[in-house]
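Undergrad: Below is one structure. I have some questions about it.
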2 protein chains.
Amino acid sequence: MSLASLVRKLEQFVRLSPVDHIILNRASTERVRHFAPRVDIVREGEKPKDVHLILSGWAYRYKQLEDGRRQVVSFFLPGDICDVNVFILREMDHSIGTITAVSIADLSREFFDKVAAGHPRIVTAFWWETLVNAAIQREWTMSLGQRTALERIAHLLCEIWLRLRLAGLTQGDSCDFPLTQGDLADATGLSKVHVNRTLQELRAEGLIVLKGKTLSVPNLDRLMRAGLFNPNYLHMDHEGRQLDAVGTRSDVVAG
Amino acid sequence: MSLASLVRKLEQFVRLSPVDHIILNRASTERVRHFAPRVDIVREGEKPKDVHLILSGWAYRYKQLEDGRRQVVSFFLPGDICDVNVFILREMDHSIGTITAVSIADLSREFFDKVAAGHPRIVTAFWWETLVNAAIQREWTMSLGQRTALERIAHLLCEIWLRLRLAGLTQGDSCDFPLTQGDLADATGLSKVHVNRTLQELRAEGLIVLKGKTLSVPNLDRLMRAGLFNPNYLHMDHEGRQLDAVGTRSDVVAG
DNA sequence: CGTTTTCAATAACGTATGTTACATTGCACA
DNA sequence: TGTGCAATGTAACATACGTTATTGAAAACG
């Protein structure tokens with residue numbers, strides 16, 4: 001319902017001017033659409049005319065093979081932008097679907113042209129968003145290729161946790177967690193049964209508390225170690241700006 | 001040794017002006033460096049000051065876990081650009097190493113600023129490169145998460161084949177192929193032994209001929225079907241511009 | 001031009017994870 | 001406030017792929 005998460009996230013990285021705030025605010029209230037849970041926002045093969053900003057709710061990007069095998073290739077959390085500059089490509093090579101109810105703002109090509117022309121900090125911030133998303137995709141490649149089931153799930157939970165925290169969406173050591181075990185399976189390349197087994201294991205070791213749609217992480221450092229998680233790929237600091245606004249640097253690296 | 005592959009690739013997508021050619025030509029001859037096979041160009045944790053353009057040779061991007069597990073997350077072929085706009089991030093979250101001997105041109109921040117200011121076609125072309133690389137990374141996520149060993153390897157070979165062809169680096173139905181089975185293992189998340197088994201299988205079915213450092217693909221369509229390969233993610237066409245310059249569209253999709 | 005190292009090939013055996021099936025819980029909605 | 005359907009949990013069994021080990025064939029090298 002708001003762009004607070006986007007602004008909070010971007011401001012970890014660049015300081016936006018009052019005018020920048022106004023620009024973002026206007027763009028994110030002009031054309032807003034609402035979606036129910038578990039529906040598609042965009043489908044493979046379509047040619048979207050706008051970039052989408054997630055104002056609230058969770059969504060994912062997924063691909064599917066002809067025989068139905070399905071892979072979630074990324075998650076969108078509030079404040080995330082779907083593909084800056086899809087304007088250039090002819091058509092979508094994947095689909096985007098909602099997990100929860102979702103509100104999105106459509107950002108037009110004209111908006112980006114205007115930003116490019118006169119708002120360099122926003123440009124930099126959007127570049128940061130784009131590059132971090134690319135880094136996340138590489139890290140998923142690493143996870144799927146090399147990490148064990150337990151490491152994969154622990155790693156994914158750490159990633160989601162830190163991204164939520166950056167967006168200001170954690171409360172103490174817990175957060176909303178609307179993903180089903182089936183979603184986790186599609187994202188980690190594991191079967192639902194094995195995801196279940198592995199979550200039990202994480203629970204048994206006291207690394208997570210996952211019940212209903214709430215996740216608690218009593219000791220982030222331990223979960224990170226279990227997932228061989230190195231937060232460097234999230235690039236949460238920049239040119240001296242540390243993570244102090246959301247927690248100390250050691251808080252991120254060591255728990 | 002030349003930027004022919006880059007220009008050929010970009011021109012599939014946008015028509016560059018004579019001045020654009022001059023700009024690219026100057027940038028790619030000013031600061032050239034040469035590397036031996038199997039050495040690192042950039043290491044995780046470093047802060048490179050330039051973007052690298054591969055003029056000749058093959059390289060890869062890889063990540064490594066503390067215990068040595070290693071994942072190749074992408075390949076660089078001649079004409080590829082490593083991370084447009086690394087300027088923004090604080091430090092590398094992965095390493096880049098050579099496979100063969102490699103020549104690279106270092107592209108400075110000033111070069112990109114100049115391009116951004118006065119050469120919109122090059123900007124568009126670089127955006128295309130960036131977006132296609134992101135799409136490739138997503139497709140790798142799909143492969144590692146959902147495809148079987150045989151599908152994974154077949155898919156990877158199709159991808160490399162098409163990328164080489166776009167860069168003008170295939171001869172008839174064969175091409176240079178300097179990857180070892182160990183490289184393929186690191187890229188596909190399989191063991192070397194299983195890569196070997198799987199290559200035998202592909203050979204036995206007549207899908208590939210792989211000997212020495214040369215790969216032949218007698219029937220691309222059959223290999224694509226074996227890898228459940230859909231070329232849409234490479235976005236090789238744009239606004240009416242088809243692949244006719246390198247082969248017919250049906251040649252890519254179905255033959 | 002022999003020597004060393006890397007790469008490819010093959011076999012025997014082990015295991016992490018998948019599959020199928022069904023029971024249980026929980027939540028949406030009538 | 002049941003009632004139905006989705007989500008979670010559990011067990012028994014199957015398998016694709018990993019591991020270790022060894023051999024032969026190319027390259028690299030001094």
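Just so we're on the same page: first chain in the structure tokens is A, next is B, and so on; residues restart at 1 for each chain, and ligands are numbered from 1 in the order they show up.
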For chain C, work out the contacting residues on chain A at 10 Å, counting only C-alpha atoms (C1' of nucleotides), and write them as a list in words.

TA: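 Therefore, the residues near the partner are Thr148, Ala149, Leu190, Ser191, Lys192, Val193, His194 and Gly212 of chain A.
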
Undergrad: Could you write those residues out with C-alpha atoms, as a short mmCIF file (atom, residue, chain, number, x, y, z; two decimals), in the first residue's frame?

TA:
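Now in result03.cif:
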data_model
loop_
_atom_site.label_atom_id
_atom_site.label_comp_id
_atom_site.auth_asym_id
_atom_site.auth_seq_id
_atom_site.Cartn_x
_atom_site.Cartn_y
_atom_site.Cartn_z
CA THR A 148 22.81 -29.45 -0.20
CA ALA A 149 19.08 -29.35 0.51
CA LEU A 190 13.72 -29.95 -4.36
CA SER A 191 10.59 -32.05 -3.95
CA LYS A 192 7.91 -30.97 -1.51
CA VAL A 193 8.56 -34.05 0.59
CA HIS A 194 12.21 -33.27 0.89
CA GLY A 212 1.42 -20.69 10.25
#

Undergrad: Tell me as a PyMOL selection string which residues belonging to chain D come within 9 Å of chain B, counting only C-alpha atoms (C1' of nucleotides).

TA: chain D and resi 16-18

Undergrad: Between A:Thr214, A:Gln200, A:Thr130, A:Ser28, which one has atoms that come closest to chain B, using only C-alpha atoms?

TA: A:Thr130

Undergrad: Env of region 88-93 of chain A: 9 Å cut, atoms = only C-alpha atoms (C1' of nucleotides), seq-sep filter 5 positions within chain, self excluded. Answer as a ChimeraX atom specification.

TA: /A:42-48,63 /B:124,127-128,131-132,135,232-235,237-239

Undergrad: Take the selection from the previous step and output its residues with C-alpha atoms, as a compact mmCIF listing (two decimals), in the first residue's frame.

TA:
# COMPACT_ATOMS: atom_id res chain seq x y z
CA VAL A 42 2.38 -11.15 -16.51
CA ARG A 43 2.72 -14.26 -18.65
CA GLU A 44 5.58 -15.58 -20.73
CA GLY A 45 5.23 -14.37 -24.30
CA GLU A 46 3.53 -11.11 -23.43
CA LYS A 47 5.01 -7.70 -24.17
CA PRO A 48 4.43 -5.53 -21.11
CA LYS A 63 9.54 -20.46 -15.68
CA THR B 124 20.38 0.55 -26.08
CA TRP B 127 21.12 -2.54 -22.19
CA TRP B 128 20.18 -5.41 -24.47
CA LEU B 131 19.13 -7.88 -20.03
CA VAL B 132 20.03 -10.95 -22.07
CA ALA B 135 17.79 -13.85 -18.81
CA ASN B 232 13.26 -17.13 -26.58
CA TYR B 233 15.35 -16.18 -23.53
CA LEU B 234 18.28 -15.17 -25.73
CA HIS B 235 16.12 -12.44 -27.27
CA ASP B 237 15.28 -10.72 -32.41
CA HIS B 238 13.96 -7.22 -31.82
CA GLU B 239 11.19 -5.12 -33.32

Undergrad: At a cut-off of 7 Å, using only C-alpha atoms (C1' of nucleotides), what residues contact Leu53 (chain A)? Leave out same-chain residues fewer than 4 positions from it and give the result as a VMD selection string.

TA: chain A and resid 79 to 82 104 to 106

Undergrad: Got a sec to tell me which of region 22-251 of chain A DSSP assigns to helix (DSSP H, G or I), as a PyMOL selection string?

TA: chain A and resi 22-30+86-88+109-118+120-146+149-166+181-188+192-204+220-226+231-234+243-245+249-251

Undergrad: Looking only at strand (DSSP E) from DSSP on the backbone, list the matching residues of region 46-180 of chain A as a PyMOL selection string.

TA: chain A and resi 51-56+59-64+70-76+81-82+95-98+102-107+170-171+174-176

Undergrad: Just to confirm, what's the straight-line distance from CA of Asp113 (chain A) to CA of Asn25 (chain A) in Å (one decimal)?

TA: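 Computing it gives 16.4 Å between the two atoms.
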
Undergrad: Counting only C-alpha atoms, figure out which residue out of B:Asn133, B:Ser143, B:Gln64, B:Ser216 gets nearest to Asp173 (chain B).

TA: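 Closest residue, counting only C-alpha atoms: B:Ser216.
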
Undergrad: To one decimal place, how far is CA of Leu3 (chain A) from CA of Val123 (chain A) in Å?

TA: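 Answer for the CA of Leu3 (chain A) to CA of Val123 (chain A) separation: 16.9 Å.
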
Undergrad: Between CA of Gln71 (chain B) and C1' of DA21 (chain D), measure the distance and give it in Å to one decimal.

TA: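 A separation of 24.5 Å between them.
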
Undergrad: Tell me which of B:Gln137, B:Gln171, B:Gln181, B:Gln12 sits closest to chain A, counting only C-alpha atoms.

TA: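 Distance minimum relative to chain A lands on B:Gln137.
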